[in-house]
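Structure data follow from coords21.txt (compact mmCIF, C-alpha atoms):
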```txt
# COMPACT_ATOMS: atom_id res chain seq x y z
CA MET Q 248 113.47 81.88 77.52
CA ILE Q 249 112.86 78.26 76.58
CA ILE Q 250 110.10 78.91 74.02
CA ASP Q 251 111.18 79.85 70.50
CA ILE Q 252 109.48 83.11 69.55
CA PRO Q 253 109.12 83.72 65.80
CA GLU Q 254 110.81 86.82 64.43
CA GLY Q 255 108.64 89.89 64.86
CA GLN Q 256 106.30 88.30 67.43
CA GLU Q 257 105.69 89.79 70.87
CA PRO Q 258 106.61 86.95 73.30
CA ILE Q 259 103.69 87.20 75.72
CA GLY Q 260 101.09 87.56 72.98
CA TYR Q 261 102.59 84.68 71.06
CA VAL Q 262 102.85 82.25 73.98
CA TRP Q 263 99.57 83.17 75.68
CA GLY Q 264 97.56 83.73 72.51
CA ASP Q 265 98.94 82.31 69.28
CA LEU Q 266 100.61 79.18 70.66
CA VAL Q 267 97.66 77.95 72.77
CA PRO Q 268 94.70 80.19 71.87
CA GLY Q 269 92.04 78.01 73.49
CA ILE Q 270 93.76 78.05 76.87
CA GLY Q 271 95.91 81.17 76.74
CA THR Q 272 93.13 83.60 75.92
CA ALA Q 273 90.97 82.27 78.76
CA ALA Q 274 93.94 82.41 81.15
CA ALA Q 275 94.75 85.98 80.10
CA ASN Q 276 91.13 87.02 80.61
CA PHE Q 277 91.11 85.47 84.08
CA SER Q 278 94.38 87.20 84.95
CA LEU Q 279 93.06 90.56 83.77
CA SER Q 280 89.77 90.06 85.66
CA VAL Q 281 91.66 89.79 88.95
CA TYR Q 282 92.85 93.37 88.43
CA ALA Q 283 89.76 94.80 86.76
CA HIS Q 284 87.11 93.46 89.12
CA THR Q 285 88.74 93.30 92.54
CA THR Q 286 86.87 94.66 95.52
CA LEU Q 287 89.88 94.25 97.83
CA GLY Q 288 91.74 97.25 99.16
CA LEU Q 289 94.95 98.16 97.35
CA ARG Q 290 97.24 97.34 100.29
CA GLU Q 291 95.89 93.85 100.96
CA PHE Q 292 95.71 93.15 97.21
CA GLU Q 293 99.34 94.19 96.75
CA ALA Q 294 100.53 92.41 99.91
CA ALA Q 295 99.19 89.09 98.61
CA ARG Q 296 100.31 89.73 95.03
CA LEU Q 297 103.84 90.74 96.01
CA ARG Q 298 104.23 87.82 98.44
CA ILE Q 299 103.39 85.44 95.59
CA ALA Q 300 105.80 87.31 93.29
CA GLN Q 301 108.54 86.91 95.91
CA ILE Q 302 107.84 83.18 96.23
CA ASN Q 303 107.59 82.64 92.45
CA GLY Q 304 110.64 84.77 91.66
CA CYS Q 305 108.81 86.33 88.70
CA ARG Q 306 110.91 89.35 87.76
CA PHE Q 307 108.09 91.28 86.12
CA CYS Q 308 105.70 90.60 89.02
CA LEU Q 309 108.32 91.79 91.51
CA ASP Q 310 108.70 95.08 89.63
CA TRP Q 311 104.98 95.61 88.95
CA ARG Q 312 102.90 97.88 91.22
CA THR Q 313 99.14 97.90 90.80
CA ASP Q 314 97.80 101.38 90.10
CA ARG Q 315 94.32 102.29 91.30
CA ASP Q 316 93.20 105.66 90.03
CA GLY Q 317 96.76 106.99 90.23
CA GLU Q 318 97.42 105.49 93.66
CA LYS Q 319 100.15 102.90 94.28
CA VAL Q 320 101.65 101.46 97.43
CA GLU Q 321 104.72 103.21 98.80
CA GLU Q 322 108.20 102.32 97.53
CA SER Q 323 109.09 100.49 100.77
CA PHE Q 324 106.00 98.26 100.58
CA ALA Q 325 107.79 95.27 98.98
CA ASP Q 326 110.30 95.19 101.84
CA ALA Q 327 107.42 95.29 104.32
CA VAL Q 328 105.82 92.32 102.51
CA THR Q 329 109.03 90.35 102.98
CA GLU Q 330 108.81 91.14 106.70
CA TRP Q 331 105.03 90.69 106.96
CA ARG Q 332 105.27 88.95 110.35
CA THR Q 333 106.98 91.86 112.11
CA THR Q 334 106.49 95.01 110.04
CA GLY Q 335 104.71 97.92 111.66
CA ALA Q 336 103.55 99.10 108.22
CA PHE Q 337 100.59 96.69 107.99
CA ASP Q 338 97.18 96.58 109.55
CA ASP Q 339 95.62 93.19 110.39
CA ARG Q 340 93.98 92.73 106.96
CA THR Q 341 97.18 93.51 105.05
CA ARG Q 342 99.27 91.23 107.27
CA LEU Q 343 96.72 88.43 106.87
CA ALA Q 344 96.73 88.85 103.08
CA ALA Q 345 100.51 88.38 102.98
CA GLU Q 346 100.32 85.45 105.37
CA TYR Q 347 97.52 83.80 103.39
CA ALA Q 348 99.44 84.19 100.13
CA GLU Q 349 102.54 82.60 101.63
CA ARG Q 350 100.69 79.73 103.23
CA TYR Q 351 98.52 79.19 100.12
CA ALA Q 352 101.70 78.85 98.04
CA LEU Q 353 103.91 76.93 100.46
CA ASP Q 354 101.72 75.12 103.02
CA HIS Q 355 98.09 75.02 101.95
CA HIS Q 356 97.56 71.82 103.98
CA GLY Q 357 98.58 73.77 107.08
CA LEU Q 358 95.72 76.29 106.89
CA ASP Q 359 94.20 75.37 110.23
CA GLU Q 360 91.21 76.43 112.35
CA GLU Q 361 93.24 79.13 114.11
CA PHE Q 362 94.19 80.71 110.79
CA TRP Q 363 90.62 80.59 109.44
CA SER Q 364 89.32 82.08 112.67
CA ARG Q 365 91.59 85.10 112.13
CA MET Q 366 90.68 85.33 108.45
CA THR Q 367 86.94 85.25 109.04
CA THR Q 368 87.30 87.93 111.71
CA HIS Q 369 88.79 90.34 109.16
CA TYR Q 370 87.45 89.17 105.76
CA SER Q 371 83.98 88.33 104.52
CA GLN Q 372 83.38 85.02 102.77
CA ALA Q 373 83.22 86.77 99.41
CA GLU Q 374 86.54 88.53 100.11
CA ILE Q 375 88.16 85.23 101.08
CA VAL Q 376 87.02 83.63 97.83
CA GLU Q 377 88.18 86.66 95.83
CA LEU Q 378 91.57 86.69 97.54
CA SER Q 379 91.89 82.92 97.02
CA MET Q 380 91.15 83.24 93.30
CA SER Q 381 93.56 86.16 92.97
CA ILE Q 382 96.34 84.29 94.75
CA GLY Q 383 95.70 81.25 92.58
CA SER Q 384 95.98 83.38 89.46
CA TRP Q 385 99.24 85.00 90.56
CA LEU Q 386 100.71 81.71 91.71
CA ALA Q 387 99.89 79.88 88.48
CA PHE Q 388 100.61 82.57 85.91
CA GLY Q 389 103.59 84.18 87.62
CA ARG Q 390 105.15 80.76 88.01
CA LEU Q 391 104.33 79.85 84.41
CA ASN Q 392 105.94 83.04 83.12
CA HIS Q 393 109.02 82.52 85.29
CA VAL Q 394 109.45 78.85 84.39
CA LEU Q 395 109.19 79.62 80.67
CA GLY Q 396 111.46 82.66 81.00
CA LEU Q 397 108.74 85.07 79.92
CA ASP Q 398 109.04 87.19 83.05
CA THR Q 399 111.99 89.06 81.58
CA VAL Q 400 109.87 90.24 78.62
CA CYS Q 401 106.43 90.35 80.24
CA VAL Q 402 104.19 93.38 79.78
CA LEU Q 403 100.76 93.20 81.40
CA PRO Q 404 98.21 93.90 78.66
CA THR Q 405 95.65 96.62 79.20
CA GLY Q 406 92.06 95.57 78.98
```

This structure in structure tokens:
Amino acid sequence: MIIDIPEGQEPIGYVWGDLVPGIGTAAANFSLSVYAHTTLGLREFEAARLRIAQINGCRFCLDWRTDRDGEKVEESFADAVTEWRTTGAFDDRTRLAAEYAERYALDHHGLDEEFWSRMTTHYSQAEIVELSMSIGSWLAFGRLNHVLGLDTVCVLPTG
């Protein structure tokens, strides 16, 4: 970790709250809103989230599994996300969520008409915006936590 954490302080709370309260609190609220207010199905949500975690290398994000009313994706899901192009474990929406996350993170200029045609066949405009905001949150905050070394001590707050 490259940020000095005062003795007795919880690292995430200190960095995200105490160190930069005007920005960190708003960022934390946005991050929590992605989980609390999503309308996306669990599998497509997790496919996009995990693909970003894989790209970012955020240790906590790679280990995290979103729980919806006691339901989580199967243990082999992360491996399927890695193989999103060829896995038989995904339906079209889940595969597209993983593809969108990857392209959003690595080649956003390459999102062409063919891609958007497939997306709009399977996702409503509201779902596309929601998925885009979610991916943006995971990309920014997972990368921030990894770059600062917080991902080894990260605990997602409940809210």

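The two atoms in question, atom CA of Q:Arg312 and atom CA of Q:Ala325, are spaced 9.5 Å apart.
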
### Atomic separation - atom CA of Q:Leu297 relative to atom CA of Q:Leu309, Å
6.4 Å

### Query
Between Q:Thr286, Q:Met248, Q:Leu279, Q:Ala294, which is the closest to Q:Thr341 once you count all atoms listed in the file?
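Closest to Q:Thr341 of all the choices is Q:Ala294.
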
### Task
Could you give me, as a list in words, the residues within 12 Å of Q:Trp331, counting all atoms listed in the file and dropping anything in the same chain fewer than 4 positions from it?
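Using all atoms listed in the file, the neighbours found are Glu291, Ala294, Ala295, Leu297, Arg298, Phe324, Ala325, Asp326, Ala327, Gly335, Ala336, Phe337, Asp338, Asp339, Arg340, Thr341, Arg342, Leu343, Ala344, Ala345, Glu346, Tyr347, Ala348 and Glu349 of chain Q.
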
### Message
Using all atoms listed in the file, can you tell me which of Q:Ile270, Q:Ala275, Q:Val320, Q:Met380 comes closest to Q:Leu289?
### Response
Q:Val320

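If you measure from each of Q:Trp311, Q:Tyr351, Q:Trp363, Q:Phe292 to Q:Glu377 using all atoms listed in the file, the closest one turns out to be Q:Phe292.
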
### Task
Using only C-alpha atoms, determine which residues lie at most 12 Å from Q:Phe277, disregarding the query and same-chain residues fewer than 3 positions distant; provide the list as a list of chain:residue names.
Q:Ile270, Q:Gly271, Q:Thr272, Q:Ala273, Q:Ala274, Q:Ser280, Q:Val281, Q:Tyr282, Q:Ala283, Q:His284, Q:Thr285, Q:Met380, Q:Ser381, Q:Ile382, Q:Gly383, Q:Ser384, Q:Trp385, Q:Ala387, Q:Phe388, Q:Gly406

### Query
Interatomic distance between atom CA of Q:Leu397 and atom CA of Q:Asp265?
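Result for atom CA of Q:Leu397 versus atom CA of Q:Asp265: 14.7 Å, one decimal.
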
### Message
From the options Q:Gly264, Q:Gly317, Q:Pro258, Q:Pro253, which residue's atoms come nearest to Q:Leu395, counting all atoms listed in the file?
### Response
Q:Pro258
